[in-house]
Amino acid sequence: MEGSGGKDEGSGRPVGGVCIAQSVKVPREPRPGEFDKTIQRLMETPNARAVIMFANEDDIRRILDAAKRNNQSGHFLWVGSDSWGSKISPVVGQEKAAEGAITILPKRASVDAFDRYFRSRSLSNNRRNVWFAEFWEENFGCKLGMHGKKPGSPKKCTGLEKVGRDSTYEQEGKVQFVMDAVYAVAHALHRMHRDRCSGPGLCAAMANIDGKELLSFIRAVNFNGSAGTPVTFNENGDAPGRYDIFQYQINNQSTTEYKVIGQWTNQLHLNMEALQWASGDWSLPGSVCSLPCRTGERKKVVKGAPCCWHCERCEGYHFQASQFTCELCSYEQRPDHNRTGCQPIPIIKLEWSSPWAVVPVFISVLGIVATTFVILTFVRHNDTPIVRAAGREMSYVLLTGIFLCYVITFPMIAAPDVVVCSFRRVFLGLGMCFSNAALLTKTNRIHRIFEQGKKAVTAPRFISPTSQLFITFFLISLQLLGVLIWFAVDPPHTFVDFGEQRTQDPERARGVLKCDISDLSLICSLGYSILLMVTCTVYAIKTRGVPETFNEAKPIGFTMYTTCIIWLAFIPIFFGTAQSAERMYIQTATLTVSLSLSASVSLGMLYMPKVYTILLHPELNVPKRKRSFKAIVTVATMTSKLSQLAAERPNGEVKTELCEGVEPTVSSTKTTYVSYTNHAI
């Protein structure tokens, strides 16, 4: 902070290892509130508490007063120049605001010869000094006659007053320096005269003295001054600095004093134990433009102030590369806890202990046990009428598909590697393909038999068990062919997906270990099976009117309707969670549960009733009267007529008319299993 005569050095400029946060110029003619604005500006850098002031004592007093008004007493650490020194006037009434101030004064000594000379001066022997009469009146508080300068003074000067006897006298501190300055000029002129003039007296060479030339002689002088100290000047024209250092302190008795705490004579000598700060605090206070940044923060330097900065934390996936820069970690890494470097992002996979895995595995295990039980039951009762009527060959194919739908849960949850990824590719759609291919072949056969029966008595082609197996395995082979092409084009491998769980908080970021099965590959793998499912559903709808005593059309229909609903629910859940942080868990659980539910629907609707009958009602598992293909055709024709008349007649009339051409049968609540698979068609 500088007075009106000072020079603005600019803020934020490091000078001699000291950082200047800001430089404030005190106006020559300050307006009201100007010093309050100065204090407010200094508070813009609250950590820079030390304020060095080059100002006159009036400005110093007003600055201290402004600090007191703004409740900043004790905040600033004042450092005053020799204009403050050890003066009392700047701190009167604002001692608390000035407490702890460091001031300096040039080291000085009293010149006894000057004291003797000045005390001997009187009005009679000092007439050459035109200001001496004014000093006399001021010093003795009297009034001179013809030289009176204080009108209204009741006392008249006698001229017999004596300096130091009738008034208080103390030698001005700068007398020594004034005397030394005069002697310095005198020595310089003497040296110049000796160099330029050959004899005594003023010569022509010194008639017009060049100031710059005289200055060079002044800088070259070297003599002992009035206080006995050497007087010299350096290359910049400055005399050696010799200062006393003071601190304005308030002691325990609330008395104030300027206490000498050190000195400067070519180097600093400071008594640290003598320092005392506000409220008796002896610890050394700090004053910095900006506090050091914490770990993980970079310095954003204030423009024009290289030693002042703002601290900015390295956010996101950035780490502190240097004190001024933050850099982005590589894609597979994240910042460490202190943000001073990067560390690998943890790699996760679906664990067997996760709830997202426990539930699908539990369902799958139950399904595997149930499917194995059904297969063993069918094998044990392989030649019974119920098993034969269900179509043994196609039943085993369908049960194999159901078993595979349950088994796929385990490779889907297992830790990905090349073998696991290969199993996923092969079995992901294979189980559904087995099931849907078998059901499609069954419903297609039923549909063709009854459609053919409406037209002719001859049986349609390719309805024998061998033909059915051939058609089924042909449909399955298409799925396997697609998988083989997939293996050839893109061999299975694993990769770590760092984007799926790349959250805004790096601490929560995880890399997901995956097989290279994209959503498109998944759609292609399951798409063929879903196509078979939809086609099978269409045939199930077409054969819904066939009497259930002759076939499984209705159970198959209910199975396909339920399966379609399951997969319609699967699609939005699976693809709707693509952006979720829990994507891996949700999609894996959804896919495996959907496969298990599809298998459970087929197992429950198609085979559990048969197993129930085989085990708990063996009396129903006996041979029944076989029907010829002609009888089947007759039923198909009757069903067609029933459908046509139902649209034309009210309820009850159709049945009466249709039954006239049919021989009565014994009504029974028990289900009759009719087999037409063993006929030579």
# chains A, B, ... in the order shown; residues from 1 in each chain; ligands from 1
call {"tool": "closest_atom_pairs", "arguments": {"of": "stretch 231-331 of chain A", "to": "stretch 92-101 of chain A", "cutoff": "10 Å", "atoms": "only C-alpha atoms", "output": "tab-separated table"}}
result
residue	atom	partner	partner_atom	distance
A:Phe246	CA	A:Ala101	CA	8.1
A:Gln247	CA	A:Ala101	CA	5.5
A:Tyr248	CA	A:Ala101	CA	5.3
A:Gln249	CA	A:Glu99	CA	5.7
A:Ile250	CA	A:Glu99	CA	6.7
A:Ser254	CA	A:Glu95	CA	9.9
A:Thr255	CA	A:Glu95	CA	9.8
A:Thr256	CA	A:Glu95	CA	7.8
A:Glu257	CA	A:Glu99	CA	9.8
A:Tyr258	CA	A:Ala101	CA	9.2
A:Leu275	CA	A:Gly100	CA	8.1
A:Gln276	CA	A:Gly100	CA	6.5
A:Trp277	CA	A:Gly100	CA	4.9
A:Ala278	CA	A:Glu99	CA	6.0
A:Ser279	CA	A:Glu99	CA	8.7
A:Gly280	CA	A:Gly100	CA	9.6
A:Asp281	CA	A:Gly100	CA	9.8
call {"tool": "write_last_selection", "arguments": {"atoms": "N, CA, C and O atoms", "output": "compact mmCIF listing (two decimals), in the first residue's frame"}}
result
# COMPACT_ATOMS: atom_id res chain seq x y z
N PHE A 246 11.17 -2.08 15.06
CA PHE A 246 10.29 -1.97 16.23
C PHE A 246 9.03 -2.80 16.01
O PHE A 246 8.63 -3.07 14.87
N GLN A 247 8.40 -3.15 17.11
CA GLN A 247 7.07 -3.73 17.06
C GLN A 247 6.19 -3.01 18.09
O GLN A 247 6.60 -2.83 19.24
N TYR A 248 5.00 -2.63 17.61
CA TYR A 248 4.05 -1.97 18.50
C TYR A 248 3.33 -3.04 19.30
O TYR A 248 2.58 -3.86 18.75
N GLN A 249 3.54 -3.05 20.63
CA GLN A 249 3.01 -4.10 21.48
C GLN A 249 2.15 -3.53 22.59
O GLN A 249 2.34 -2.39 23.02
N ILE A 250 1.19 -4.36 23.03
CA ILE A 250 0.36 -4.04 24.19
C ILE A 250 0.67 -5.10 25.24
O ILE A 250 0.43 -6.29 25.02
N SER A 254 -1.92 -3.39 29.73
CA SER A 254 -2.61 -2.59 28.72
C SER A 254 -1.87 -1.31 28.37
O SER A 254 -2.47 -0.34 27.90
N THR A 255 -0.60 -1.30 28.65
CA THR A 255 0.21 -0.16 28.22
C THR A 255 0.87 -0.51 26.89
O THR A 255 1.18 -1.68 26.61
N THR A 256 1.10 0.50 26.08
CA THR A 256 1.63 0.30 24.74
C THR A 256 3.06 0.81 24.67
O THR A 256 3.46 1.73 25.40
N GLU A 257 3.80 0.23 23.73
CA GLU A 257 5.18 0.68 23.53
C GLU A 257 5.68 0.19 22.18
O GLU A 257 5.18 -0.81 21.63
N TYR A 258 6.64 0.92 21.63
CA TYR A 258 7.38 0.45 20.48
C TYR A 258 8.62 -0.27 21.00
O TYR A 258 9.53 0.36 21.53
N LEU A 275 8.99 -11.05 19.74
CA LEU A 275 7.78 -10.77 18.95
C LEU A 275 6.53 -11.15 19.73
O LEU A 275 6.49 -12.19 20.39
N GLN A 276 5.53 -10.30 19.62
CA GLN A 276 4.25 -10.57 20.28
C GLN A 276 3.15 -10.06 19.36
O GLN A 276 3.19 -8.94 18.86
N TRP A 277 2.13 -10.92 19.15
CA TRP A 277 1.06 -10.56 18.22
C TRP A 277 -0.22 -10.28 18.98
O TRP A 277 -0.22 -10.18 20.20
N ALA A 278 -1.29 -10.15 18.27
CA ALA A 278 -2.56 -9.74 18.88
C ALA A 278 -2.96 -10.68 20.00
O ALA A 278 -2.77 -11.91 19.92
N SER A 279 -3.49 -10.12 21.05
CA SER A 279 -4.01 -10.86 22.21
C SER A 279 -2.95 -11.71 22.87
O SER A 279 -3.22 -12.79 23.38
N GLY A 280 -1.72 -11.26 22.86
CA GLY A 280 -0.64 -11.97 23.54
C GLY A 280 -0.20 -13.24 22.87
O GLY A 280 0.46 -14.08 23.49
N ASP A 281 -0.55 -13.43 21.59
CA ASP A 281 -0.16 -14.63 20.86
C ASP A 281 1.31 -14.54 20.46
O ASP A 281 1.73 -13.58 19.82
call {"tool": "residues_around", "arguments": {"residues": "A:Tyr539", "least_positions_apart": "5", "cutoff": "7 Å", "atoms": "only C-alpha atoms", "output": "list in words"}}
result
Thr443, Asn444 and His447 of chain A
call {"tool": "atom_distance", "arguments": {"atom1": "atom CA of A:Leu484", "atom2": "atom CA of A:Ser422"}}
result
10.6 Å
call {"tool": "residues_around", "arguments": {"residues": "A:Pro230", "least_positions_apart": "2", "cutoff": "12 Å", "atoms": "only C-alpha atoms", "output": "list of chain:residue names"}}
result
A:Phe177, A:Asp180, A:Tyr183, A:Ala184, A:Val221, A:Asn222, A:Phe223, A:Asn224, A:Gly225, A:Ser226, A:Ala227, A:Gly228, A:Thr232, A:Phe233, A:Ala239, A:Pro240, A:Gly241, A:Arg242
call {"tool": "write_last_selection", "arguments": {"atoms": "C-alpha atoms", "output": "PDB file, in the first residue's frame"}}
result
ATOM      1  CA  PHE A 177      21.861  12.272   8.068  1.00  0.00           C
ATOM      2  CA  ASP A 180      26.454  13.623   6.626  1.00  0.00           C
ATOM      3  CA  TYR A 183      29.681  16.639   4.277  1.00  0.00           C
ATOM      4  CA  ALA A 184      29.227  14.213   1.370  1.00  0.00           C
ATOM      5  CA  VAL A 221      33.140   9.575  -1.282  1.00  0.00           C
ATOM      6  CA  ASN A 222      34.222   7.570   1.707  1.00  0.00           C
ATOM      7  CA  PHE A 223      34.544   9.184   5.142  1.00  0.00           C
ATOM      8  CA  ASN A 224      33.438   8.790   8.729  1.00  0.00           C
ATOM      9  CA  GLY A 225      30.215  10.638   9.415  1.00  0.00           C
ATOM     10  CA  SER A 226      29.113  12.751  12.335  1.00  0.00           C
ATOM     11  CA  ALA A 227      28.157   9.644  14.352  1.00  0.00           C
ATOM     12  CA  GLY A 228      31.451   7.922  13.620  1.00  0.00           C
ATOM     13  CA  THR A 232      29.657   5.407   1.403  1.00  0.00           C
ATOM     14  CA  PHE A 233      27.346   4.802  -1.528  1.00  0.00           C
ATOM     15  CA  ALA A 239      23.969   4.413   1.446  1.00  0.00           C
ATOM     16  CA  PRO A 240      24.390   1.253   3.509  1.00  0.00           C
ATOM     17  CA  GLY A 241      21.141   0.421   5.235  1.00  0.00           C
ATOM     18  CA  ARG A 242      21.230   0.538   8.992  1.00  0.00           C
TER      19      ARG A 242
END
call {"tool": "residues_around", "arguments": {"residues": "A:Cys308", "least_positions_apart": "4", "cutoff": "9 Å", "atoms": "only C-alpha atoms", "output": "count of residues only"}}
result
14
call {"tool": "select_by_dssp", "arguments": {"residues": "stretch 92-271 of chain A", "states": "helix (DSSP H, G or I)", "output": "count of residues only"}}
result
55
call {"tool": "residues_around", "arguments": {"residues": "A:Asn382", "least_positions_apart": "3", "cutoff": "12 Å", "atoms": "only C-alpha atoms", "output": "CSV table (one decimal) with N, CA, C and O atoms, in the first residue's frame"}}
result
chain,number,residue,atom,x,y,z
A,374,VAL,N,-39.3,-86.3,-15.1
A,374,VAL,CA,-40.2,-86.7,-16.2
A,374,VAL,C,-39.6,-87.6,-17.2
A,374,VAL,O,-40.2,-88.6,-17.6
A,375,ILE,N,-38.3,-87.3,-17.5
A,375,ILE,CA,-37.6,-88.2,-18.5
A,375,ILE,C,-37.5,-89.6,-17.9
A,375,ILE,O,-37.7,-90.6,-18.6
A,376,LEU,N,-37.1,-89.7,-16.7
A,376,LEU,CA,-37.0,-91.1,-16.1
A,376,LEU,C,-38.3,-91.8,-16.0
A,376,LEU,O,-38.4,-93.0,-16.2
A,377,THR,N,-39.3,-91.0,-15.7
A,377,THR,CA,-40.7,-91.6,-15.7
A,377,THR,C,-41.1,-92.1,-17.1
A,377,THR,O,-41.6,-93.2,-17.2
A,378,PHE,N,-40.8,-91.3,-18.1
A,378,PHE,CA,-41.2,-91.7,-19.5
A,378,PHE,C,-40.3,-92.9,-19.9
A,378,PHE,O,-40.8,-93.8,-20.6
A,379,VAL,N,-39.1,-92.9,-19.5
A,379,VAL,CA,-38.2,-94.1,-19.9
A,379,VAL,C,-38.7,-95.3,-19.2
A,379,VAL,O,-38.8,-96.4,-19.8
A,385,PRO,N,-49.4,-96.8,-22.8
A,385,PRO,CA,-50.3,-96.1,-23.8
A,385,PRO,C,-50.1,-94.6,-23.8
A,385,PRO,O,-50.1,-93.9,-24.8
A,386,ILE,N,-50.0,-94.0,-22.6
A,386,ILE,CA,-49.9,-92.5,-22.5
A,386,ILE,C,-48.6,-92.1,-23.1
A,386,ILE,O,-48.6,-91.1,-23.8
A,387,VAL,N,-47.5,-92.7,-22.8
A,387,VAL,CA,-46.2,-92.3,-23.4
A,387,VAL,C,-46.2,-92.5,-24.9
A,387,VAL,O,-45.7,-91.6,-25.7
A,388,ARG,N,-46.8,-93.6,-25.4
A,388,ARG,CA,-46.8,-93.9,-26.8
A,388,ARG,C,-47.8,-92.9,-27.5
A,388,ARG,O,-47.5,-92.4,-28.6
A,389,ALA,N,-48.9,-92.5,-26.8
A,389,ALA,CA,-49.8,-91.6,-27.4
A,389,ALA,C,-49.2,-90.2,-27.5
A,389,ALA,O,-49.6,-89.4,-28.4
A,390,ALA,N,-48.3,-89.9,-26.6
A,390,ALA,CA,-47.7,-88.5,-26.6
A,390,ALA,C,-46.6,-88.4,-27.7
A,390,ALA,O,-46.1,-87.3,-27.9
A,391,GLY,N,-46.3,-89.5,-28.3
A,391,GLY,CA,-45.2,-89.5,-29.3
A,391,GLY,C,-43.9,-89.6,-28.7
A,391,GLY,O,-43.3,-88.6,-28.3
A,392,ARG,N,-43.4,-90.8,-28.4
A,392,ARG,CA,-42.2,-91.0,-27.6
A,392,ARG,C,-41.0,-90.2,-28.2
A,392,ARG,O,-40.3,-89.6,-27.5
A,393,GLU,N,-40.8,-90.4,-29.5
A,393,GLU,CA,-39.6,-89.8,-30.1
A,393,GLU,C,-39.6,-88.3,-29.9
A,393,GLU,O,-38.6,-87.6,-29.5
A,395,SER,N,-41.4,-86.5,-27.8
A,395,SER,CA,-41.4,-86.2,-26.4
A,395,SER,C,-40.0,-86.1,-25.9
A,395,SER,O,-39.6,-85.1,-25.2
A,396,TYR,N,-39.1,-87.0,-26.3
A,396,TYR,CA,-37.7,-87.0,-25.8
A,396,TYR,C,-37.0,-85.8,-26.4
A,396,TYR,O,-36.1,-85.2,-25.7
A,611,VAL,N,-47.5,-87.3,-16.3
A,611,VAL,CA,-46.8,-88.0,-15.2
A,611,VAL,C,-47.7,-88.2,-14.0
A,611,VAL,O,-47.6,-89.3,-13.3
A,614,ILE,N,-49.7,-91.3,-15.0
A,614,ILE,CA,-48.9,-92.5,-15.0
A,614,ILE,C,-48.6,-93.0,-13.5
A,614,ILE,O,-48.7,-94.2,-13.2
A,621,ASN,N,-53.9,-95.7,-17.5
A,621,ASN,CA,-52.8,-95.9,-18.5
A,621,ASN,C,-52.9,-97.3,-19.1
A,621,ASN,O,-52.0,-98.2,-18.9
call {"tool": "residues_around", "arguments": {"residues": "A:Asp58", "least_positions_apart": "5", "cutoff": "9 Å", "atoms": "only C-alpha atoms", "output": "number ranges by chain"}}
result
A: 63, 89-90
call {"tool": "write_last_selection", "arguments": {"atoms": "C-alpha atoms", "output": "mmCIF file, in the first residue's frame"}}
result
data_model
loop_
_atom_site.group_PDB
_atom_site.id
_atom_site.type_symbol
_atom_site.label_atom_id
_atom_site.label_comp_id
_atom_site.auth_asym_id
_atom_site.auth_seq_id
_atom_site.Cartn_x
_atom_site.Cartn_y
_atom_site.Cartn_z
ATOM 1 C CA ILE A 63 -6.149 3.434 7.330
ATOM 2 C CA SER A 89 0.193 10.076 16.551
ATOM 3 C CA PRO A 90 -0.814 7.368 13.980
#
call {"tool": "closest_residue", "arguments": {"among": "A:Arg62, A:Gln579, A:Pro46, A:Gly74", "to": "A:Pro32", "atoms": "only C-alpha atoms"}}
result
A:Arg62
call {"tool": "select_by_dssp", "arguments": {"residues": "stretch 293-464 of chain A", "states": "strand (DSSP E)", "output": "MDAnalysis selection string"}}
result
chainID A and resid 297:302 305:313 318:320 326:328 333:335 342:344 347:348
call {"tool": "closest_residue", "arguments": {"among": "A:Val365, A:Ala540, A:Ile449, A:Val426", "to": "A:Ile517", "atoms": "only C-alpha atoms"}}
result
A:Val426
call {"tool": "atom_distance", "arguments": {"atom1": "atom CA of A:Gln22", "atom2": "atom CA of A:Ala305"}}
result
8.3 Å
call {"tool": "closest_residue", "arguments": {"among": "A:Ala509, A:Cys405, A:Phe427, A:Leu522", "to": "A:Pro344", "atoms": "only C-alpha atoms"}}
result
A:Ala509
call {"tool": "closest_residue", "arguments": {"among": "A:Glu332, A:Met560, A:Phe410, A:Gly80", "to": "A:Ala357", "atoms": "only C-alpha atoms"}}
result
A:Phe410
